[in-house]
Each structure stands twice: as structure tokens, then as C-alpha cells.
Number of protein chains: 2
Amino acid sequence: MQGHLTDGVVEVGANGRERYYDSRGYGRPRGDGVALSRVEAAHLLYRGDLDAVDGEDFAAFLAANDDVVVPFLVYKDLRDRGFYVSPARDGWVDDPAGVDFIVHPRGDGPWDGTAEHRVRVVGERASVSLASLGDVVLAVVDEESELTYLETGRSEVSGSSERSFDGTVTGHLLDERVLCWNPPPELYERGFYGQQMSRDDDTLQLSLMEAAYLAAEGALEIEGGVDAVVERGRAVEGERFDRRLAVYRHLREQGVVPKTGFKFGADFRTYADVETVEDLGHSELLVRVLPAETTLSPRDLALDVRLAHGVRKEMVFALVDGASIRWLSVSRLTP
Amino acid sequence: MQGHLTDGVVEVGANGRERYYDSRGYGRPRGDGVALSRVEAAHLLYRGDLDAVDGEDFAAFLAANDDVVVPFLVYKDLRDRGFYVSPARDGWVDDPAGVDFIVHPRGDGPWDGTAEHRVRVVGERASVSLASLGDVVLAVVDEESELTYLETGRSEVSGSSERSFDGTVTGHLLDERVLCWNPPPELYERGFYGQQMSRDDDTLQLSLMEAAYLAAEGALEIEGGVDAVVERGRAVEGERFDRRLAVYRHLREQGVVPKTGFKFGADFRTYADVETVEDLGHSELLVRVLPAETTLSPRDLALDVRLAHGVRKEMVFALVDGASIRWLSVSRLTP
């Protein structure tokens with residue numbers, strides 16, 4: 001059969017509806033015919049199920065519509081995996097904003113109005129606004145045309161670790177850390193604050209983050225108080241310190257213990273259920289703290305997600321806008 | 001015993017030489033006495049082996065010399081691991097430039113003039129010039145005072161993969177890739193160029209990188225020639241495209257096959273000994289291509305190195321300055 005490109009869709013008349021929509025879930029019906037998105041038309045041309053569009057074969061059609069090459073690769077992959085896929089066009093699916101395709105649950109088709117994944121297609125060189133993620137799957141097409149699917153979600157973070165430390169401790173601000181010469185043992189052993197200088201030495205080294213939090217809680221006595229600690233933090237990290245401190249505080253308030261994520265290239269790793277440091281479990285999350293308006297390349301996302309996966313943790317972004325924190329989880333998906 | 005801080009070193013008279021240098025490798029002799037670096041003095045104060053420096057105990061000495069806190073933590077760790085460590089001061093060790101400590105081989109001491117590691121101490125918030133690395137170990141002290149050692153080296157990259165492709169192929173530039181409808185099978189199967197559109201489909205998708213290389217070699221016929229491909233590459237990546245192409249070409253010339261490192265957040269993963277794609281081994285390196293003058297935070301380095309380690313590859317940076325490429329390998333070290 002032949003198609004005709006008009007107003008951005010490829011129309012196929014006569015028995016198009018039965019052949020393409022009813023039996024195989026392409027396009028949307030128009031009387032006895034069917035309207036196909038250009039991506040769908042490319043797929044039918046590729047498979048040899050449509051002869052030509054305005055006389056163009058697959059190669060010629062792609063050459064004339066090179067903006068559909070990348071979405072075509074994703075559409076083809078999802079079809080190859082056995083899904084029905086609807087182009088996210090106005091009037092074709094509910095809520096098409098921000099996505100390119102709706103993947104229907106296995107067994108469902110476009111006539112069911114259901115959605116398993118909302119898929120946004122991006123090239124690896126694109127710039128992705130993190131604030132725009134949370135309810136979509138990113139289908140990233142890399143420079144060699146291989147695909148990676150990244151599922152994004154919004155999830156609050158919470159745990160059962162004891163938040164409060166009832167005592168007080170005296171600390172000394174030295175360079176980028178605070179040293180406590182004789183801390184109460186429960187500060188480290190139960191609160192998991194700081195790092196011991198040696199196993200057989202009580203001296204505790206608090207990060208500026210931990211010290212700022214404890215000082216604000218009235219649990220750390222230090223010359224100059226919390227202001228001196230925060231001032232030092234800003235001197236070495238700028239605004240990033242305030243963002244990270246806001247996230248640190250929020251996590252502690254949620255019963256989650258944040259420790260440095262440095263070895264994983266993240267801001268924090270977190271422990272949801274700390275009873276004692278002796279009996280510490282596996283840390284569950286890697287947290288990267290970023291301004292809410294951050295854009296990242298898919299490559300950066302892939303790096304973080306791959307690393308987190310490799311160490312059996314979940315990658316979470318804390319997007320900070322003043323006092324507001326939005327959580328964004330990102331993980332690999334095999335559809 | 002008591003020490004006295006003068007001209008940046010702590011002098012201990014009387015039997016200082018025998019007690020600190022001869023028997024335990026601290027400082028450098030001065031007659032019967034010894035000159036200690038401030039870091040060494042801090043370590044002796046910490047251990048209780050020196051009573052005071054100008055009346056100051058360990059806490060007071062650190063408070064008055066807070067710039068030695070970070071190097072002290074590294075010195076202490078290396079000592080705890082059983083090494084003799086010499087401060088890299090002019091006249092104390094050979095070639096002290098760019099490093100803080102010389103770690104002597106196990107069993108050797110400062111009197112042997114040998115070096116196992118040249119160690120540079122950095123805080124995690126520092127900015128590290130990649131060009132300054134290659135013969136040093138970075139000892140990174142993170143915000144919680146934990147240590148990570150990163151060994152850096154300079155290593156050429158080479159392999160035995162067949163470089164040349166003797167035929168020619170016709171390609172079509174579509175968006176950010178080149179499609180070849182009927183390529184000679186050996187282009188993919190032996191040269192490992194491109195990515196097949198499907199397993200049962202000959203259509204080959206070349207990256208812009210692969211296409212630019214093949215076109216320059218006279219192996220790819222494409223409208224507009226190599227210039228058209230490079231122009232497209234620059235349009236989507238800017239100067240980064242030229243840097244990556246220079247590295248791609250160099251690797252191919254060295255008998256190494258570069259493929260995209262996207263899934264690992266890198267520019268390339270590489271295969272040193274490709275005979276056929278069917279019989280492909282594990283890729284050995286992750287390559288990140290950067291301008292020669294790049295500075296990175298230790299956190300970024302830690303992320304790359306950790307990821308590479310997790311997927312059993314070596315992390316290598318290709319530092320590009322025009323036509324010149326310098327290779328820098330970075331890996332975790334447990335001293």
C-alpha cells in the first residue's frame with residue numbers, strides 16, 4: 001500500500017484501518033483508513049509492510065525526514081520487544097506533554113488507553129532538565145545508535161535511624177573539619193556522626209556538614225557557634241554547602257543517616273536504619289545534591305546510574321530550590 | 001622531649017637524632033639533634049612520643065598549624081600501614097616538586113634514598129590539574145577525613161586489531177549518524193565499524209566519529225565527503241568532536257578499536273585485539289577525552305575510577321592539545 005504525508009501524518013486510505021490499526025496497533029483510525037505518525041510509517045516501510053510514502057521508500061523517506069531517525073530507533077526497539085507503542089500526539093493519547101511515546105502494558109494496545117511507560121526520546125548529546133523528569137522513561141540513543149532506558153521516579157526518602165543526640169560535645173574547627181577530643185561514645189556509635197581518628201582513639205573528626213547540623217541542634221559547642229561552621233563551609237564550597245546542608249538536615253529529620261558519598265563520586269550515601277555503627281547494614285542510596293534548575297547530559301546520568309547499580313545502591317538526585325527539596329530517582333530499565 | 005618550631009621545622013636537640021631519625025625514620029639529622037617537619041612533629045605529639053612543641057600539646061599544635069591537619073591524616077595512615085615516609089622538602093629527598101611525601105619501599109627508610117610512591121595530598125574540594133599527574137599518587141582526604149589513594153601513570157595504548165578496511169562503502173548522513181544500506185560484511189564483522197540496525201539486517205549505522213575516520217581514509221563515500229561529516233560533528237559537539245576524532249584516529253592507528261563508552265559515562269571503551277565481532281573479548285579501557293589543560297575535582301576522578309574498577313576496566317584519560325595526545329591512567333591504590 002501507499003501512504004501520503006499531509007499535516008505531519010502519513011495517511012493510508014482504503015483498508016488502512018483494518019490492516020494497520022485494528023490488527024497491529026499502528027496509528028489512529030480515520031474512517032476506513034488510518035493516520036500514521038511519521039515514525040510509524042518509517043517502521044512499516046522498514047518492515048516492508050508499506051510500499052512507499054509519496055513514492056519514497058524507507059531510505060528516501062528517512063533522508064527526507066531525518067528528525068525521525070532517532071525516535072524510529074526507539075520505536076523499533078520497543079516493537080521488537082513485543083510492545084504496542086502509541087506516538088504521544090495530541091488527541092492520540094492522554095497527557096502527551098513531555099513524552100514521545102506511550103508504551104502500552106504487555107497484551108494491551110492503543111485501543112485500551114492504558115500506559116506502562118511514558119517514554120521521552122533523547123540523543124546522548126541532548127541536555128536534560130532534571131526538573132522535567134520524574135514520571136517518564138528516558139530512552140537515550142547514543143552516538144552508535146545503541147539504546148539505554150532510564151526510568152525516573154519521585155520518591156520520598158525515609159528511615160528509622162535515631163535522629164537525636166541528647167548530649168553535647170565540644171569541638172574545634174580545624175581547616176575543613178571539626179575535631180572533638182573527648183566525645184561521648186554514643187555520638188559516633190549510635191548517631192554515626194563523624195569518623196574516629198583511629199580505632200583505638202576516641203578523637204572524632206566531624207565533617208563541616210555534620211558539625212553545622214549538630215551545632216544548629218544545640219548539640220555541638222564550638223567557638224563562634226553554627227555561624228562559624230557554616231561560614232567555613234561556604235568559604236570552601238560556596239552555595240553548594242547550603243544546598244548540601246539542607247539535604248543533610250532533611251535526611252536526618254527523616255531518620256536517614258547521610259555519610260559522605262565521595263568514594264562513589266556522590267554527595268552522600270545513606271543508611272536508613274542505623275542502630276549501632278558496629279552493626280551497620282549496607283547503605284541504600286547514593287545522593288547527588290544539585291540546584292533544582294540543573295540540566296545534565298544523558299552521559300552524566302548514565303555514569304551515575306551505572307555506578308550506583310554496580311554497588312547495589314539506588315541513585316537519587318536531591319533537587320534544591322531554597323528550602324524546597326525534590327527527590328528524583330533514576331535507574332536502568334529493561335522494558 | 002620538647003621541640004621548637006623555627007623556620008617551618010621543629011627542632012629537637014640532644015639525643016633527637018638517635019631517638020627519632022636513626023631508630024624510627026623521622027626528620028633529618030642536625031648534629032646530634034633532628035629537624036622534623038611539622039607533620040612529623042604532629043604525628044609524634046599524637047603518639048605521645050614528643051611531649052610538646054614550644055609548650056603546645058597535639059591539640060594546641062594542630063590548632064596553631066591547621067594547614068597540617070590534612071597531610072597529617074595521610075602521613076598517619078601511611079605510617080599505620082608500616083611505611084617509612086619522608087616529607088618532600090628541598091634537600092630532604094630527590095625531586096620534591098609536586099609532591100608532599102615520599103613513601104619508601106617496605107623495609108627501606110629515609111637513609112636509603114629509595115621511593116615506592118610519590119604522594120601528593122589533596123582535599124576532596126581541591127581542583128586537580130590532570131597535566132600535573134602521571135608520576136604521583138594522589139592521596140585524597142574526603143570531607144569525613146577518609147582517605148582514597150589514586151595512582152596515576154602515563155601509558156601508551158596499543159593493540160593488534162586490524163586497522164585497515166580495504167573496501168569502500170557508501171553512506172548517507174542522517175541527523176547524527178551515517179547509514180549504509182548495503183555495506184560489505186567485513187566492515188562490521190572484522191573492522192567492528194558501526195552497529196547493525198537489526199541482527200537480520202545488513203543496514204549499518206556508523207557514528208559520526210567512525211564515518212569521519214573512514215571518509216578521511218578514503219573508505220567511505222558520502223555526499224560532501226569527510227568535510228560534511230566533520231561539519232555535522234562540530235555542529236552537535238563543537239570542538240569536542242575534533243578532540244575525540246583525534247583520539248579515535250590515534251587509537252585505530254595503534255591497533256585498538258574504540259567504541260562508544262556511553263553506557264559507562266566515558267567517551268570510548270576500547271578493544272585491543274579484535275579479530276571478529278563474533279569472537280569479541282572484554283573491552284579493556286574506558287577512555288575520557290579532555291582538553292590538556294583540564295582540571296577536575298578529586299570527586300570526579302573518584303567517580304570515573306570507581307566505575308571503571310566495577311566493570312573491570314582501566315580508566316584512562318586522553319589529554320588533547322591540538323595534534324598532541326597525552327595518556328594518563330588513574331586507578332585505585334591500596335598502599
# chains A, B, ... in the order shown; residues from 1 in each chain; ligands from 1
call {"tool": "residues_around", "arguments": {"residues": "B:Glu217", "least_positions_apart": "6", "cutoff": "12 Å", "atoms": "only C-alpha atoms", "output": "count of residues only"}}
result
14
call {"tool": "closest_atom_pairs", "arguments": {"of": "chain B", "to": "chain A", "cutoff": "8 Å", "atoms": "only C-alpha atoms", "output": "Markdown table"}}
result
| residue | atom | partner | partner_atom | distance |
| --- | --- | --- | --- | --- |
| B:Leu62 | CA | A:Leu174 | CA | 7.6 |
| B:Ala63 | CA | A:Leu174 | CA | 6.4 |
| B:Asp66 | CA | A:Leu174 | CA | 5.5 |
| B:Asp67 | CA | A:Asp175 | CA | 6.6 |
| B:Val69 | CA | A:Asp175 | CA | 7.3 |
| B:Glu124 | CA | A:Phe262 | CA | 7.9 |
| B:Arg125 | CA | A:Val236 | CA | 7.3 |
| B:Asp142 | CA | A:Phe262 | CA | 6.6 |
| B:Glu143 | CA | A:Ser207 | CA | 5.4 |
| B:Glu144 | CA | A:Ser207 | CA | 5.0 |
| B:Ser145 | CA | A:Gln205 | CA | 7.0 |
| B:Glu146 | CA | A:Gln195 | CA | 7.9 |
| B:Thr148 | CA | A:Lys263 | CA | 7.5 |
| B:Leu174 | CA | A:Asp66 | CA | 5.5 |
| B:Asp175 | CA | A:Asp66 | CA | 5.6 |
| B:Glu176 | CA | A:Glu143 | CA | 7.3 |
| B:Arg177 | CA | A:Glu143 | CA | 7.2 |
| B:Gly194 | CA | A:Glu144 | CA | 6.6 |
| B:Gln195 | CA | A:Glu144 | CA | 6.4 |
| B:Gln205 | CA | A:Glu144 | CA | 6.9 |
| B:Leu206 | CA | A:Glu144 | CA | 6.4 |
| B:Ser207 | CA | A:Glu144 | CA | 5.0 |
| B:Leu208 | CA | A:Glu143 | CA | 7.4 |
| B:Val236 | CA | A:Arg125 | CA | 7.3 |
| B:Glu237 | CA | A:Arg125 | CA | 7.4 |
| B:Lys259 | CA | A:Glu144 | CA | 8.0 |
| B:Thr260 | CA | A:Glu144 | CA | 6.6 |
| B:Phe262 | CA | A:Arg299 | CA | 6.0 |
| B:Lys263 | CA | A:Ala302 | CA | 5.9 |
| B:Phe264 | CA | A:Leu303 | CA | 5.4 |
| B:Gly265 | CA | A:Leu303 | CA | 4.2 |
| B:Ala266 | CA | A:Arg299 | CA | 7.6 |
| B:Arg299 | CA | A:Gly265 | CA | 5.0 |
| B:Asp300 | CA | A:Gly265 | CA | 6.0 |
| B:Leu301 | CA | A:Gly265 | CA | 7.8 |
| B:Ala302 | CA | A:Gly265 | CA | 5.7 |
| B:Leu303 | CA | A:Gly265 | CA | 4.2 |
| B:Asp304 | CA | A:Gly265 | CA | 8.0 |
| B:Arg306 | CA | A:Phe264 | CA | 6.6 |
| B:Leu307 | CA | A:Leu307 | CA | 5.4 |
| B:Gly310 | CA | A:Gly310 | CA | 6.2 |
| B:Val311 | CA | A:Gly310 | CA | 7.9 |
call {"tool": "write_last_selection", "arguments": {"atoms": "C-alpha atoms", "output": "compact mmCIF listing (two decimals), in the first residue's frame"}}
result
# COMPACT_ATOMS: atom_id res chain seq x y z
CA LEU B 62 47.17 21.46 65.35
CA ALA B 63 45.08 24.48 66.27
CA ASP B 66 45.72 23.86 60.89
CA ASP B 67 47.23 23.53 57.41
CA VAL B 69 45.76 18.56 59.56
CA GLU B 124 38.29 16.47 48.16
CA ARG B 125 37.38 20.04 47.36
CA ASP B 142 37.42 13.49 51.88
CA GLU B 143 35.17 15.68 53.97
CA GLU B 144 34.82 12.95 56.59
CA SER B 145 38.61 12.55 56.71
CA GLU B 146 38.60 9.18 54.97
CA THR B 148 41.42 7.33 48.95
CA LEU B 174 21.15 11.32 8.52
CA ASP B 175 20.94 13.56 11.54
CA GLU B 176 23.78 12.47 13.89
CA ARG B 177 24.67 9.20 12.19
CA GLY B 194 29.18 0.67 13.16
CA GLN B 195 26.20 -1.06 14.63
CA GLN B 205 24.74 2.68 11.39
CA LEU B 206 28.06 4.46 11.70
CA SER B 207 28.68 7.08 14.34
CA LEU B 208 29.87 10.46 13.09
CA VAL B 236 26.47 18.90 17.53
CA GLU B 237 29.58 18.73 19.73
CA LYS B 259 33.57 2.01 20.55
CA THR B 260 31.26 4.32 22.43
CA PHE B 262 28.30 5.96 26.69
CA LYS B 263 26.91 3.30 29.00
CA PHE B 264 29.91 3.89 31.25
CA GLY B 265 29.75 7.67 31.03
CA ALA B 266 33.01 7.70 29.07
CA ARG B 299 35.32 13.59 43.31
CA ASP B 300 35.04 13.38 39.52
CA LEU B 301 38.21 11.31 39.39
CA ALA B 302 36.91 9.00 42.10
CA LEU B 303 33.65 8.52 40.19
CA ASP B 304 35.39 7.55 36.96
CA ARG B 306 35.30 3.57 40.78
CA LEU B 307 33.08 2.91 37.79
CA GLY B 310 33.45 -2.00 38.93
CA VAL B 311 33.34 -3.11 35.31
call {"tool": "residues_around", "arguments": {"residues": "A:Gly159", "least_positions_apart": "6", "cutoff": "6 Å", "atoms": "only C-alpha atoms", "output": "ChimeraX atom specification"}}
result
/A:255-256,272-273
call {"tool": "write_last_selection", "arguments": {"atoms": "N, CA and C atoms", "output": "tab-separated table (two decimals), in the first residue's frame"}}
result
chain	number	residue	atom	x	y	z
A	255	GLY	N	15.05	10.37	59.49
A	255	GLY	CA	15.53	9.11	60.07
A	255	GLY	C	16.53	8.38	59.20
A	256	VAL	N	17.18	9.13	58.32
A	256	VAL	CA	18.17	8.54	57.43
A	256	VAL	C	19.53	9.16	57.75
A	272	ALA	N	19.39	3.86	56.15
A	272	ALA	CA	18.02	4.13	56.60
A	272	ALA	C	17.76	3.63	58.02
A	273	ASP	N	18.52	2.63	58.46
A	273	ASP	CA	18.17	2.02	59.75
A	273	ASP	C	19.39	1.73	60.60
